[in-house]
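One file, query33.pdb, carrying PDB, C-alpha atoms:
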```
ATOM      1  CA  MET J   1     -14.655   1.387 -18.215
ATOM      2  CA  HIS J   2     -16.752   2.829 -15.431
ATOM      3  CA  LEU J   3     -14.751   4.918 -13.011
ATOM      4  CA  VAL J   4     -16.687   3.263 -10.205
ATOM      5  CA  TYR J   5     -14.770  -0.014 -10.488
ATOM      6  CA  PRO J   6     -11.265   1.314  -9.707
ATOM      7  CA  ALA J   7     -12.627   3.830  -7.206
ATOM      8  CA  VAL J   8     -14.533   1.204  -5.221
ATOM      9  CA  LEU J   9     -11.617  -1.219  -5.376
ATOM     10  CA  ALA J  10      -9.308   1.488  -4.069
ATOM     11  CA  ALA J  11     -11.701   2.329  -1.236
ATOM     12  CA  LEU J  12     -11.988  -1.309  -0.196
ATOM     13  CA  LEU J  13      -8.215  -1.852  -0.360
ATOM     14  CA  PHE J  14      -7.702   1.265   1.751
ATOM     15  CA  CYS J  15     -10.097  -0.010   4.391
ATOM     16  CA  THR J  16      -8.406  -3.424   4.376
ATOM     17  CA  GLY J  17      -5.122  -1.681   5.072
ATOM     18  CA  LEU J  18      -6.801   0.416   7.758
ATOM     19  CA  TYR J  19      -8.015  -2.733   9.500
ATOM     20  CA  GLY J  20      -4.503  -4.209   9.290
ATOM     21  CA  VAL J  21      -2.891  -1.121  10.781
ATOM     22  CA  LEU J  22      -5.334  -1.101  13.677
ATOM     23  CA  ALA J  23      -5.520  -4.832  14.364
ATOM     24  CA  ARG J  24      -2.000  -6.173  13.824
ATOM     25  CA  ARG J  25       0.532  -6.491  16.615
ATOM     26  CA  ASN J  26       3.760  -7.151  14.766
ATOM     27  CA  ALA J  27       5.272  -3.889  13.547
ATOM     28  CA  ILE J  28       6.267  -5.403  10.203
ATOM     29  CA  LEU J  29       2.694  -6.489   9.535
ATOM     30  CA  VAL J  30       1.631  -2.933  10.312
ATOM     31  CA  LEU J  31       4.106  -1.739   7.675
ATOM     32  CA  MET J  32       2.599  -4.192   5.164
ATOM     33  CA  SER J  33      -0.846  -2.742   5.839
ATOM     34  CA  VAL J  34       0.509   0.771   5.300
ATOM     35  CA  GLU J  35       1.774  -0.421   1.908
ATOM     36  CA  LEU J  36      -1.728  -1.617   1.054
ATOM     37  CA  MET J  37      -3.171   1.807   1.903
ATOM     38  CA  LEU J  38      -0.550   3.568  -0.231
ATOM     39  CA  ASN J  39      -1.328   1.259  -3.142
ATOM     40  CA  ALA J  40      -5.026   2.061  -2.876
ATOM     41  CA  VAL J  41      -4.176   5.743  -3.212
ATOM     42  CA  ASN J  42      -1.971   4.958  -6.225
ATOM     43  CA  LEU J  43      -4.831   3.141  -7.933
ATOM     44  CA  ASN J  44      -7.055   6.169  -7.408
ATOM     45  CA  LEU J  45      -4.394   8.480  -8.838
ATOM     46  CA  VAL J  46      -3.939   6.374 -11.964
ATOM     47  CA  ALA J  47      -7.690   5.968 -12.547
ATOM     48  CA  PHE J  48      -8.422   9.671 -12.214
ATOM     49  CA  ASP J  49      -5.447  10.561 -14.389
ATOM     50  CA  VAL J  50      -6.748   8.313 -17.163
ATOM     51  CA  TRP J  51     -10.260   9.677 -16.750
ATOM     52  CA  LEU J  52      -9.329  13.361 -16.819
ATOM     53  CA  ARG J  53      -6.743  12.991 -19.621
ATOM     54  CA  ASP J  54      -4.481  15.484 -17.905
ATOM     55  CA  GLU J  55      -2.029  17.288 -20.137
ATOM     56  CA  LEU J  56       0.765  17.046 -17.573
ATOM     57  CA  HIS J  57      -0.254  13.526 -16.461
ATOM     58  CA  ALA J  58      -0.049  14.727 -12.888
ATOM     59  CA  GLY J  59      -1.673  11.549 -11.594
ATOM     60  CA  GLN J  60       0.931   9.251 -13.095
ATOM     61  CA  ALA J  61       3.804  11.486 -12.010
ATOM     62  CA  LEU J  62       2.393  11.602  -8.468
ATOM     63  CA  THR J  63       2.020   7.826  -8.517
ATOM     64  CA  LEU J  64       5.695   7.423  -9.362
ATOM     65  CA  PHE J  65       6.623   9.837  -6.579
ATOM     66  CA  THR J  66       4.397   7.984  -4.126
ATOM     67  CA  ILE J  67       6.029   4.678  -5.035
ATOM     68  CA  ALA J  68       9.508   6.139  -4.466
ATOM     69  CA  ILE J  69       8.479   7.700  -1.155
ATOM     70  CA  ALA J  70       6.908   4.411  -0.073
ATOM     71  CA  ALA J  71      10.174   2.626  -0.828
ATOM     72  CA  ALA J  72      12.080   5.156   1.280
ATOM     73  CA  GLU J  73       9.479   4.858   4.039
ATOM     74  CA  ILE J  74       9.692   1.078   4.144
ATOM     75  CA  GLY J  75      13.502   1.241   4.366
ATOM     76  CA  ILE J  76      13.499   3.696   7.247
ATOM     77  CA  GLY J  77      10.607   1.920   8.959
ATOM     78  CA  LEU J  78      12.333  -1.451   8.826
ATOM     79  CA  ALA J  79      15.548   0.081  10.159
ATOM     80  CA  ILE J  80      13.612   1.523  13.096
ATOM     81  CA  VAL J  81      11.805  -1.773  13.718
ATOM     82  CA  LEU J  82      15.103  -3.673  13.666
ATOM     83  CA  GLN J  83      16.628  -1.187  16.099
ATOM     84  CA  VAL J  84      13.628  -1.528  18.422
ATOM     85  CA  HIS J  85      13.861  -5.296  18.197
ATOM     86  CA  ARG J  86      17.564  -5.168  18.978
ATOM     87  CA  ASN J  87      17.038  -2.940  22.001
ATOM     88  CA  ARG J  88      13.816  -4.390  23.381
ATOM     89  CA  GLY J  89      13.729  -7.949  22.137
ATOM     90  CA  THR J  90      10.291  -7.507  20.583
ATOM     91  CA  ALA J  91       8.677  -5.891  17.573
ATOM     92  CA  ASP J  92       5.252  -6.014  19.158
ATOM     93  CA  VAL J  93       3.570  -2.620  19.015
ATOM     94  CA  ASP J  94       1.325  -3.482  21.961
ATOM     95  CA  ARG J  95       4.345  -3.840  24.226
ATOM     96  CA  LEU J  96       6.118  -0.633  23.234
ATOM     97  CA  ARG J  97       4.421   1.642  25.703
ATOM     98  CA  ASP J  98       7.243   3.623  27.260
ATOM     99  CA  LEU J  99       5.628   6.911  26.274
ATOM    100  CA  ARG J 100       2.239   5.962  27.667
ATOM    101  CA  ASP J 101       0.818   8.110  30.418
ATOM    102  CA  ASP J 102       0.793   5.314  32.942
ATOM    103  CA  ALA J 103      -1.965   5.187  35.484
ATOM    104  CA  PRO J 104      -0.449   4.062  38.782
ATOM    105  CA  ASP J 105      -2.037   0.664  39.059
ATOM    106  CA  ALA J 106      -0.945  -2.831  39.793
ATOM    107  CA  GLY J 107       0.302  -4.878  36.909
ATOM    108  CA  SER J 108       2.631  -2.243  35.514
ATOM    109  CA  ASP J 109       5.430  -3.522  37.716
ATOM    110  CA  THR J 110       5.116  -7.032  36.385
ATOM    111  CA  GLU J 111       4.986  -5.684  32.832
ATOM    112  CA  ARG J 112       8.111  -3.650  33.378
ATOM    113  CA  ALA J 113       9.945  -6.588  34.911
ATOM    114  CA  ASP J 114       8.849  -8.735  31.999
ATOM    115  CA  ARG J 115      10.089  -6.150  29.523
ATOM    116  CA  GLU J 116      13.467  -5.760  31.194
ATOM    117  CA  GLU J 117      13.856  -9.485  31.233
ATOM    118  CA  LYS J 118      13.162  -9.589  27.512
ATOM    119  CA  ALA J 119      15.651  -6.788  26.851
ATOM    120  CA  GLU J 120      18.337  -8.598  28.769
ATOM    121  CA  ALA J 121      17.579 -11.795  26.949
ATOM    122  CA  ALA J 122      17.986 -10.010  23.651
ATOM    123  CA  ALA J 123      21.223  -8.302  24.703
TER     124      ALA J 123
ATOM    125  CA  MET B   1     -25.442   9.873 -42.409
ATOM    126  CA  THR B   2     -27.770   7.827 -40.275
ATOM    127  CA  GLY B   3     -25.004   5.324 -39.700
ATOM    128  CA  ALA B   4     -22.729   8.062 -38.454
ATOM    129  CA  MET B   5     -25.531   9.349 -36.276
ATOM    130  CA  THR B   6     -26.168   5.956 -34.755
ATOM    131  CA  THR B   7     -22.494   5.318 -34.033
ATOM    132  CA  LEU B   8     -22.246   8.773 -32.483
ATOM    133  CA  ALA B   9     -25.294   8.061 -30.366
ATOM    134  CA  ALA B  10     -23.860   4.678 -29.365
ATOM    135  CA  SER B  11     -20.555   6.217 -28.347
ATOM    136  CA  THR B  12     -22.158   8.970 -26.288
ATOM    137  CA  ALA B  13     -24.976   6.906 -24.822
ATOM    138  CA  PRO B  14     -24.761   6.201 -21.099
ATOM    139  CA  HIS B  15     -23.000   2.935 -20.480
ATOM    140  CA  GLY B  16     -24.932   0.466 -18.410
ATOM    141  CA  PHE B  17     -23.645  -1.697 -15.623
ATOM    142  CA  LEU B  18     -25.579  -4.705 -16.899
ATOM    143  CA  SER B  19     -23.630  -4.927 -20.158
ATOM    144  CA  PRO B  20     -20.001  -4.785 -19.063
ATOM    145  CA  THR B  21     -17.194  -4.652 -21.558
ATOM    146  CA  GLY B  22     -14.431  -7.233 -21.610
ATOM    147  CA  VAL B  23     -11.990  -4.895 -19.901
ATOM    148  CA  GLU B  24     -14.465  -4.347 -17.104
ATOM    149  CA  ILE B  25     -14.970  -8.067 -16.569
ATOM    150  CA  VAL B  26     -11.218  -8.668 -16.412
ATOM    151  CA  PHE B  27     -10.808  -5.672 -14.089
ATOM    152  CA  LEU B  28     -13.527  -7.008 -11.806
ATOM    153  CA  LEU B  29     -12.035 -10.525 -11.624
ATOM    154  CA  VAL B  30      -8.496  -9.290 -10.994
ATOM    155  CA  GLY B  31      -9.880  -6.816  -8.484
ATOM    156  CA  LEU B  32     -11.635  -9.601  -6.581
ATOM    157  CA  ALA B  33      -8.402 -11.610  -6.493
ATOM    158  CA  THR B  34      -6.468  -8.539  -5.334
ATOM    159  CA  LEU B  35      -8.961  -7.742  -2.615
ATOM    160  CA  GLY B  36      -9.018 -11.349  -1.426
ATOM    161  CA  ALA B  37      -5.228 -11.454  -1.256
ATOM    162  CA  ALA B  38      -5.218  -8.170   0.678
ATOM    163  CA  VAL B  39      -7.767  -9.510   3.163
ATOM    164  CA  VAL B  40      -5.711 -12.683   3.663
ATOM    165  CA  THR B  41      -2.624 -10.486   4.122
ATOM    166  CA  VAL B  42      -4.160  -8.621   7.037
ATOM    167  CA  THR B  43      -5.869 -11.617   8.634
ATOM    168  CA  THR B  44      -3.542 -14.606   8.316
ATOM    169  CA  LYS B  45      -1.779 -15.802  11.417
ATOM    170  CA  GLN B  46       1.370 -16.921   9.616
ATOM    171  CA  LEU B  47       3.650 -13.934   9.248
ATOM    172  CA  VAL B  48       5.646 -15.124   6.241
ATOM    173  CA  HIS B  49       2.446 -16.078   4.433
ATOM    174  CA  ALA B  50       1.223 -12.512   4.946
ATOM    175  CA  ALA B  51       4.238 -11.208   3.024
ATOM    176  CA  LEU B  52       3.687 -13.731   0.243
ATOM    177  CA  TRP B  53       0.002 -12.834  -0.073
ATOM    178  CA  LEU B  54       1.088  -9.218  -0.251
ATOM    179  CA  VAL B  55       2.970 -10.176  -3.431
ATOM    180  CA  VAL B  56      -0.300 -11.423  -4.921
ATOM    181  CA  ALA B  57      -2.130  -8.230  -3.966
ATOM    182  CA  LEU B  58       0.567  -5.940  -5.378
ATOM    183  CA  GLY B  59       0.886  -8.004  -8.562
ATOM    184  CA  GLY B  60      -2.876  -7.830  -9.023
ATOM    185  CA  LEU B  61      -2.660  -4.060  -8.700
ATOM    186  CA  ALA B  62       0.012  -4.039 -11.398
ATOM    187  CA  VAL B  63      -2.409  -5.879 -13.699
ATOM    188  CA  GLU B  64      -5.062  -3.268 -12.864
ATOM    189  CA  TYR B  65      -2.633  -0.523 -13.889
ATOM    190  CA  LEU B  66      -2.073  -2.324 -17.187
ATOM    191  CA  LEU B  67      -5.839  -2.500 -17.728
ATOM    192  CA  LEU B  68      -6.036   1.240 -17.070
ATOM    193  CA  THR B  69      -3.378   1.683 -19.821
ATOM    194  CA  ALA B  70      -0.789   2.970 -17.344
ATOM    195  CA  GLU B  71       1.916   0.703 -18.674
ATOM    196  CA  PHE B  72       4.991   2.321 -17.150
ATOM    197  CA  ILE B  73       3.410   2.529 -13.681
ATOM    198  CA  ALA B  74       2.613  -1.173 -13.874
ATOM    199  CA  TRP B  75       6.210  -2.163 -14.549
ATOM    200  CA  VAL B  76       7.492   0.216 -11.879
ATOM    201  CA  GLN B  77       5.027  -1.398  -9.484
ATOM    202  CA  VAL B  78       6.334  -4.863 -10.313
ATOM    203  CA  LEU B  79       9.962  -3.770 -10.033
ATOM    204  CA  ILE B  80       9.791  -1.738  -6.840
ATOM    205  CA  TYR B  81       6.968  -3.263  -4.822
ATOM    206  CA  VAL B  82       7.091  -6.913  -5.766
ATOM    207  CA  GLY B  83      10.824  -6.852  -6.356
ATOM    208  CA  SER B  84      12.250  -4.866  -3.504
ATOM    209  CA  VAL B  85       9.684  -3.888  -0.889
ATOM    210  CA  VAL B  86       8.450  -7.435  -0.299
ATOM    211  CA  VAL B  87      12.023  -8.719  -0.160
ATOM    212  CA  LEU B  88      12.800  -6.018   2.410
ATOM    213  CA  LEU B  89       9.746  -7.051   4.424
ATOM    214  CA  LEU B  90      10.787 -10.708   4.322
ATOM    215  CA  PHE B  91      14.275  -9.747   5.495
ATOM    216  CA  GLY B  92      12.716  -7.726   8.283
ATOM    217  CA  LEU B  93      10.579 -10.688   9.339
ATOM    218  CA  MET B  94      13.624 -12.923   9.399
ATOM    219  CA  LEU B  95      15.820 -10.454  11.258
ATOM    220  CA  THR B  96      13.214  -9.913  13.960
ATOM    221  CA  LYS B  97      13.040 -13.689  14.468
ATOM    222  CA  ALA B  98       9.427 -13.980  13.374
ATOM    223  CA  PRO B  99       8.017 -17.378  14.237
ATOM    224  CA  ILE B 100       7.571 -19.789  11.364
ATOM    225  CA  GLY B 101       4.122 -21.276  11.478
ATOM    226  CA  ARG B 102       1.001 -20.045  13.187
ATOM    227  CA  SER B 103       1.505 -17.387  15.796
ATOM    228  CA  PRO B 104      -1.652 -17.043  17.889
ATOM    229  CA  ASP B 105      -0.933 -13.460  18.951
ATOM    230  CA  ALA B 106      -0.647 -11.957  15.476
ATOM    231  CA  ASP B 107      -3.767  -9.877  16.055
ATOM    232  CA  SER B 108      -4.023  -7.466  18.919
ATOM    233  CA  GLY B 109      -6.858  -7.398  21.393
ATOM    234  CA  ASN B 110      -8.691  -4.533  19.750
ATOM    235  CA  ARG B 111      -9.376  -6.316  16.498
ATOM    236  CA  TRP B 112     -13.143  -6.020  16.854
ATOM    237  CA  ALA B 113     -12.866  -2.261  17.303
ATOM    238  CA  ALA B 114     -10.542  -2.202  14.285
ATOM    239  CA  LEU B 115     -13.047  -4.231  12.295
ATOM    240  CA  GLY B 116     -15.799  -1.798  13.221
ATOM    241  CA  VAL B 117     -13.723   1.225  12.200
ATOM    242  CA  ALA B 118     -12.689  -0.379   8.914
ATOM    243  CA  ALA B 119     -16.251  -1.467   8.086
ATOM    244  CA  ALA B 120     -17.630   1.984   8.839
ATOM    245  CA  ALA B 121     -14.918   3.629   6.731
ATOM    246  CA  ALA B 122     -15.554   1.181   3.878
ATOM    247  CA  ALA B 123     -19.294   1.790   3.959
ATOM    248  CA  ALA B 124     -18.895   5.563   3.988
ATOM    249  CA  LEU B 125     -16.223   5.638   1.262
ATOM    250  CA  VAL B 126     -18.000   3.206  -1.050
ATOM    251  CA  TRP B 127     -21.293   5.021  -0.637
ATOM    252  CA  VAL B 128     -19.772   8.419  -1.399
ATOM    253  CA  VAL B 129     -17.711   7.140  -4.339
ATOM    254  CA  VAL B 130     -20.599   5.256  -5.927
ATOM    255  CA  ASP B 131     -22.909   8.213  -5.432
ATOM    256  CA  ALA B 132     -20.425  10.623  -6.989
ATOM    257  CA  PHE B 133     -19.094   8.629  -9.956
ATOM    258  CA  ARG B 134     -22.024   6.394 -10.833
ATOM    259  CA  THR B 135     -22.238   7.555 -14.429
ATOM    260  CA  THR B 136     -18.628   8.510 -15.086
ATOM    261  CA  TRP B 137     -17.053   6.711 -17.988
ATOM    262  CA  ILE B 138     -13.341   6.348 -18.738
ATOM    263  CA  GLY B 139     -12.606   6.210 -22.437
ATOM    264  CA  LEU B 140      -9.691   3.794 -22.547
ATOM    265  CA  ASP B 141      -9.470   3.455 -26.327
ATOM    266  CA  GLY B 142      -8.716   7.074 -27.085
ATOM    267  CA  ASP B 143      -6.581   8.430 -29.879
ATOM    268  CA  ALA B 144      -3.625   9.534 -27.758
ATOM    269  CA  PRO B 145      -1.765   6.964 -25.650
ATOM    270  CA  GLN B 146      -2.155   7.689 -21.961
ATOM    271  CA  GLY B 147       0.538   5.905 -20.066
ATOM    272  CA  THR B 148       3.127   4.396 -22.344
ATOM    273  CA  THR B 149       6.756   4.648 -21.354
ATOM    274  CA  LYS B 150       7.330   7.319 -23.995
ATOM    275  CA  VAL B 151       4.562   9.557 -22.676
ATOM    276  CA  SER B 152       5.585   9.003 -19.049
ATOM    277  CA  GLY B 153       9.220   9.800 -19.771
ATOM    278  CA  GLU B 154       8.339  12.934 -21.693
ATOM    279  CA  ILE B 155       6.092  14.373 -19.017
ATOM    280  CA  LEU B 156       8.427  13.311 -16.223
ATOM    281  CA  PHE B 157      11.509  14.943 -17.686
ATOM    282  CA  ARG B 158       9.750  17.930 -19.228
ATOM    283  CA  HIS B 159       7.290  19.085 -16.592
ATOM    284  CA  TRP B 160       8.270  17.268 -13.407
ATOM    285  CA  VAL B 161      12.051  17.509 -13.422
ATOM    286  CA  LEU B 162      12.396  19.533 -10.223
ATOM    287  CA  PRO B 163      10.244  17.231  -8.040
ATOM    288  CA  PHE B 164      12.047  14.276  -9.597
ATOM    289  CA  GLU B 165      15.439  15.622  -8.542
ATOM    290  CA  ALA B 166      14.142  16.525  -5.085
ATOM    291  CA  LEU B 167      12.914  12.945  -4.807
ATOM    292  CA  SER B 168      16.389  11.620  -5.587
ATOM    293  CA  VAL B 169      17.760  13.739  -2.740
ATOM    294  CA  LEU B 170      15.057  12.300  -0.483
ATOM    295  CA  LEU B 171      16.012   8.766  -1.469
ATOM    296  CA  LEU B 172      19.651   9.536  -0.684
ATOM    297  CA  ALA B 173      18.644  10.900   2.726
ATOM    298  CA  ALA B 174      16.593   7.767   3.392
ATOM    299  CA  LEU B 175      19.542   5.588   2.411
ATOM    300  CA  VAL B 176      21.903   7.403   4.755
ATOM    301  CA  GLY B 177      19.291   7.361   7.511
ATOM    302  CA  ALA B 178      18.709   3.628   7.202
ATOM    303  CA  ILE B 179      22.456   2.949   7.348
ATOM    304  CA  VAL B 180      22.904   5.185  10.383
ATOM    305  CA  LEU B 181      19.948   3.614  12.164
ATOM    306  CA  SER B 182      20.921   0.027  11.570
ATOM    307  CA  ARG B 183      24.649   0.347  12.214
ATOM    308  CA  LYS B 184      25.997  -1.573  15.146
ATOM    309  CA  ARG B 185      27.503   0.730  17.760
ATOM    310  CA  ASP B 186      29.804  -1.575  19.668
ATOM    311  CA  LYS B 187      33.039  -0.078  18.363
ATOM    312  CA  GLU B 188      34.345   3.450  18.926
ATOM    313  CA  GLY B 189      33.081   3.657  22.444
ATOM    314  CA  GLU B 190      29.292   3.582  22.675
ATOM    315  CA  ARG B 191      28.244   6.873  21.193
TER     316      ARG B 191
END
```

Written as structure tokens, that's how I'd like the structure from this file.
Amino acid sequence: MHLVYPAVLAALLFCTGLYGVLARRNAILVLMSVELMLNAVNLNLVAFDVWLRDELHAGQALTLFTIAIAAAEIGIGLAIVLQVHRNRGTADVDRLRDLRDDAPDAGSDTERADREEKAEAAA
Amino acid sequence: MTGAMTTLAASTAPHGFLSPTGVEIVFLLVGLATLGAAVVTVTTKQLVHAALWLVVALGGLAVEYLLLTAEFIAWVQVLIYVGSVVVLLLFGLMLTKAPIGRSPDADSGNRWAALGVAAAAAAALVWVVVDAFRTTWIGLDGDAPQGTTKVSGEILFRHWVLPFEALSVLLLAALVGAIVLSRKRDKEGER
């Protein structure tokens, strides 16, 4: 098999995940896109391991480690998203802008009032 | 003698793209299905459908691992990703009260910028990868098995024992962290 096929597929999957991370609003959909990117890297690791015929099979071992770390990451990430949803009433990454360096303009007051209303509704 | 020479020449001759082997055809078809499922995952407006299309994409990747003779990785992929990660994501969608049906605000306002970034990254990566590995050939039908469970277990517990144990500690830390994060704090006085 040509190495180009898995390498190109991995590159395209990575860019699909990149688009999802940048374009999605729901935090859980962002986590799904991160999973796609990690899987693209795993495909690259497996393909290059099979190509190079490594004695230690470092690619396959690293793939297993990546899968385990991704499982841990998704658990922690979902716990954080649930906590944010419980505190704020939304899992929308566009609305979580407490750390933003706010320019003093109109509109921020209405946003803040809207957010507090949502938080109270959730509590 | 000449027969041996011709078979040797056939096995070392550069492999063309216009005469694909059966494994390559299957890899290409499954890859197209995987890529399509991934694209639907990041573009659909129904949140639960995104998680279900993610199952298709991850299962397709497991088939690709099988085609690359990495048997153990494929089954681990099915067990962990399709079995647990997607279930966790579905639970997360339900617990955050994700709307069933089409949600018009699933994509943020900067999706065109995101599309531009992703397209530029895809063009650059595909160009570099194709330019670098155009003639590289993976010999899948070698003498030694590459990724059977026996080989994976031997290398994992002979050469990679220390990272493996460190990883188990990391998983334990993640478990404790997830429990601490998601615990309700109404009792014992609002710490």

Distance of CA of Thr148 (chain B) from CA of Val8 (chain J), expressed in Å to one decimal place: 24.8 Å

Selection result of the PyMOL selection byres ((chain J and resi 39) around 10) on this file, as a list in words: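 This file, filtered by the PyMOL selection byres ((chain J and resi 39) around 10), leaves Ala10, Leu13, Phe14, Gly17, Ser33, Val34, Glu35, Leu36, Met37, Leu38, Ala40, Val41, Asn42, Leu43, Asn44, Leu45, Thr63, Thr66, Ile67 and Ala70 of chain J; Ala57, Leu58, Leu61, Ala62, Gln77 and Tyr81 of chain B.
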
Let me know the residues the PyMOL selection byres ((chain B and resi 59) around 12) catches in the file above, as a short mmCIF file (atom, residue, chain, number, x, y, z; two decimals) with C-alpha atoms, in the coordinates of the input.
```
data_model
loop_
_atom_site.label_atom_id
_atom_site.label_comp_id
_atom_site.auth_asym_id
_atom_site.auth_seq_id
_atom_site.Cartn_x
_atom_site.Cartn_y
_atom_site.Cartn_z
CA LEU J 36 -1.73 -1.62 1.05
CA ASN J 39 -1.33 1.26 -3.14
CA VAL B 30 -8.50 -9.29 -10.99
CA GLY B 31 -9.88 -6.82 -8.48
CA ALA B 33 -8.40 -11.61 -6.49
CA THR B 34 -6.47 -8.54 -5.33
CA LEU B 35 -8.96 -7.74 -2.62
CA ALA B 37 -5.23 -11.45 -1.26
CA ALA B 38 -5.22 -8.17 0.68
CA LEU B 52 3.69 -13.73 0.24
CA TRP B 53 0.00 -12.83 -0.07
CA LEU B 54 1.09 -9.22 -0.25
CA VAL B 55 2.97 -10.18 -3.43
CA VAL B 56 -0.30 -11.42 -4.92
CA ALA B 57 -2.13 -8.23 -3.97
CA LEU B 58 0.57 -5.94 -5.38
CA GLY B 60 -2.88 -7.83 -9.02
CA LEU B 61 -2.66 -4.06 -8.70
CA ALA B 62 0.01 -4.04 -11.40
CA VAL B 63 -2.41 -5.88 -13.70
CA GLU B 64 -5.06 -3.27 -12.86
CA TYR B 65 -2.63 -0.52 -13.89
CA LEU B 66 -2.07 -2.32 -17.19
CA ILE B 73 3.41 2.53 -13.68
CA ALA B 74 2.61 -1.17 -13.87
CA TRP B 75 6.21 -2.16 -14.55
CA VAL B 76 7.49 0.22 -11.88
CA GLN B 77 5.03 -1.40 -9.48
CA VAL B 78 6.33 -4.86 -10.31
CA LEU B 79 9.96 -3.77 -10.03
CA ILE B 80 9.79 -1.74 -6.84
CA TYR B 81 6.97 -3.26 -4.82
CA VAL B 82 7.09 -6.91 -5.77
CA GLY B 83 10.82 -6.85 -6.36
CA VAL B 86 8.45 -7.44 -0.30
#
```

Leaving out Glu55 (chain J) and any residue of its chain fewer than 4 positions from it, which residues lie within 10 Å of it when counting only C-alpha atoms, given as an mmCIF file with C-alpha atoms, keeping the file's coordinate frame?
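So the final result, stored in part05.cif, reads:
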```cif
data_model
loop_
_atom_site.group_PDB
_atom_site.id
_atom_site.type_symbol
_atom_site.label_atom_id
_atom_site.label_comp_id
_atom_site.auth_asym_id
_atom_site.auth_seq_id
_atom_site.Cartn_x
_atom_site.Cartn_y
_atom_site.Cartn_z
ATOM 1 C CA ASP J 49 -5.447 10.561 -14.389
ATOM 2 C CA GLN B 146 -2.155 7.689 -21.961
ATOM 3 C CA ILE B 155 6.092 14.373 -19.017
#
```

Counting all atoms listed in the file, the residue of J:Ile76, J:Ala27, J:Val21, J:Val84 that sits nearest chain B: J:Ile76

Using all atoms listed in the file, find each residue of chain J with at least one atom at most 8 Å away from an atom of chain B; report its shortest atom-to-atom pair and that distance in Å (one decimal), sort the rows by chain and rising residue number, and return the result as a Markdown table.
```
| residue | atom | partner | partner_atom | distance |
| --- | --- | --- | --- | --- |
| J:Met1 | CA | B:Ile138 | CA | 5.2 |
| J:His2 | CA | B:Trp137 | CA | 4.7 |
| J:Leu3 | CA | B:Thr136 | CA | 5.7 |
| J:Val4 | CA | B:Phe133 | CA | 5.9 |
| J:Tyr5 | CA | B:Leu28 | CA | 7.2 |
| J:Ala7 | CA | B:Val129 | CA | 6.7 |
| J:Val8 | CA | B:Val126 | CA | 5.8 |
| J:Leu9 | CA | B:Gly31 | CA | 6.6 |
| J:Ala11 | CA | B:Leu125 | CA | 6.1 |
| J:Leu12 | CA | B:Ala122 | CA | 6.0 |
| J:Leu13 | CA | B:Leu35 | CA | 6.4 |
| J:Cys15 | CA | B:Ala118 | CA | 5.2 |
| J:Thr16 | CA | B:Val39 | CA | 6.2 |
| J:Gly17 | CA | B:Val42 | CA | 7.3 |
| J:Leu18 | CA | B:Ala118 | CA | 6.1 |
| J:Tyr19 | CA | B:Ala118 | CA | 5.3 |
| J:Gly20 | CA | B:Val42 | CA | 5.0 |
| J:Leu22 | CA | B:Ala114 | CA | 5.4 |
| J:Ala23 | CA | B:Arg111 | CA | 4.7 |
| J:Arg24 | CA | B:Asp107 | CA | 4.7 |
| J:Arg25 | CA | B:Ser108 | CA | 5.2 |
| J:Asn26 | CA | B:Ala106 | CA | 6.6 |
| J:Ile28 | CA | B:Leu93 | CA | 6.9 |
| J:Leu29 | CA | B:Leu47 | CA | 7.5 |
| J:Met32 | CA | B:Ala51 | CA | 7.5 |
| J:Ser33 | CA | B:Val42 | CA | 6.9 |
| J:Leu36 | CA | B:Ala38 | CA | 7.4 |
| J:Asn39 | CA | B:Leu58 | CA | 7.8 |
| J:Leu43 | CA | B:Tyr65 | CA | 7.3 |
| J:Val46 | CA | B:Ala70 | CA | 7.1 |
| J:Ala47 | CA | B:Leu68 | CA | 6.7 |
| J:Val50 | CA | B:Gln146 | CA | 6.7 |
| J:Trp51 | CA | B:Ile138 | CA | 5.0 |
| J:Arg53 | CA | B:Gln146 | CA | 7.4 |
| J:Leu56 | CA | B:Ile155 | CA | 6.1 |
| J:His57 | CA | B:Ile155 | CA | 6.9 |
| J:Gln60 | CA | B:Ile73 | CA | 7.2 |
| J:Ala61 | CA | B:Leu156 | CA | 6.5 |
| J:Thr63 | CA | B:Ile73 | CA | 7.5 |
| J:Leu64 | CA | B:Ile73 | CA | 6.9 |
| J:Phe65 | CA | B:Leu167 | CA | 7.2 |
| J:Ile67 | CA | B:Gln77 | CA | 7.6 |
| J:Ala68 | CA | B:Leu167 | CA | 7.6 |
| J:Ile69 | CA | B:Leu171 | CA | 7.6 |
| J:Ala71 | CA | B:Val85 | CA | 6.5 |
| J:Ala72 | CA | B:Ala174 | CA | 5.6 |
| J:Glu73 | CA | B:Ala174 | CA | 7.7 |
| J:Ile74 | CA | B:Val85 | CA | 7.1 |
| J:Gly75 | CA | B:Ala178 | CA | 6.4 |
| J:Ile76 | CA | B:Ala178 | CA | 5.2 |
| J:Leu78 | CA | B:Gly92 | CA | 6.3 |
| J:Ala79 | CA | B:Ser182 | CA | 5.6 |
| J:Ile80 | CA | B:Leu181 | CA | 6.7 |
| J:Leu82 | CA | B:Thr96 | CA | 6.5 |
| J:Gln83 | CA | B:Ser182 | CA | 6.4 |
| J:His85 | CA | B:Thr96 | CA | 6.3 |
| J:Thr90 | CA | B:Thr96 | CA | 7.6 |
| J:Ala91 | CA | B:Thr96 | CA | 7.1 |
| J:Asp94 | CA | B:Ser108 | CA | 7.3 |
```

CA of Val30 (chain J) to CA of Val93 (chain J), straight-line distance in Å: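 We find that CA of Val93 (chain J) and CA of Val30 (chain J) lie 8.9 Å from each other.
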
Two-atom distance - CA of Pro104 (chain B), CA of Arg97 (chain J) (Å):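 Pair CA of Pro104 (chain B) / CA of Arg97 (chain J) returns 21.1 Å.
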
May I have the centre and edge lengths, in Å to one decimal, of an axis-aligned box around the listed atoms of region 26-32 of chain B with 6 Å added to every side, as AutoDock Vina command-line options?
```
--center_x -11.0 --center_y -8.1 --center_z -11.5 --size_x 17.0 --size_y 16.9 --size_z 21.8
```
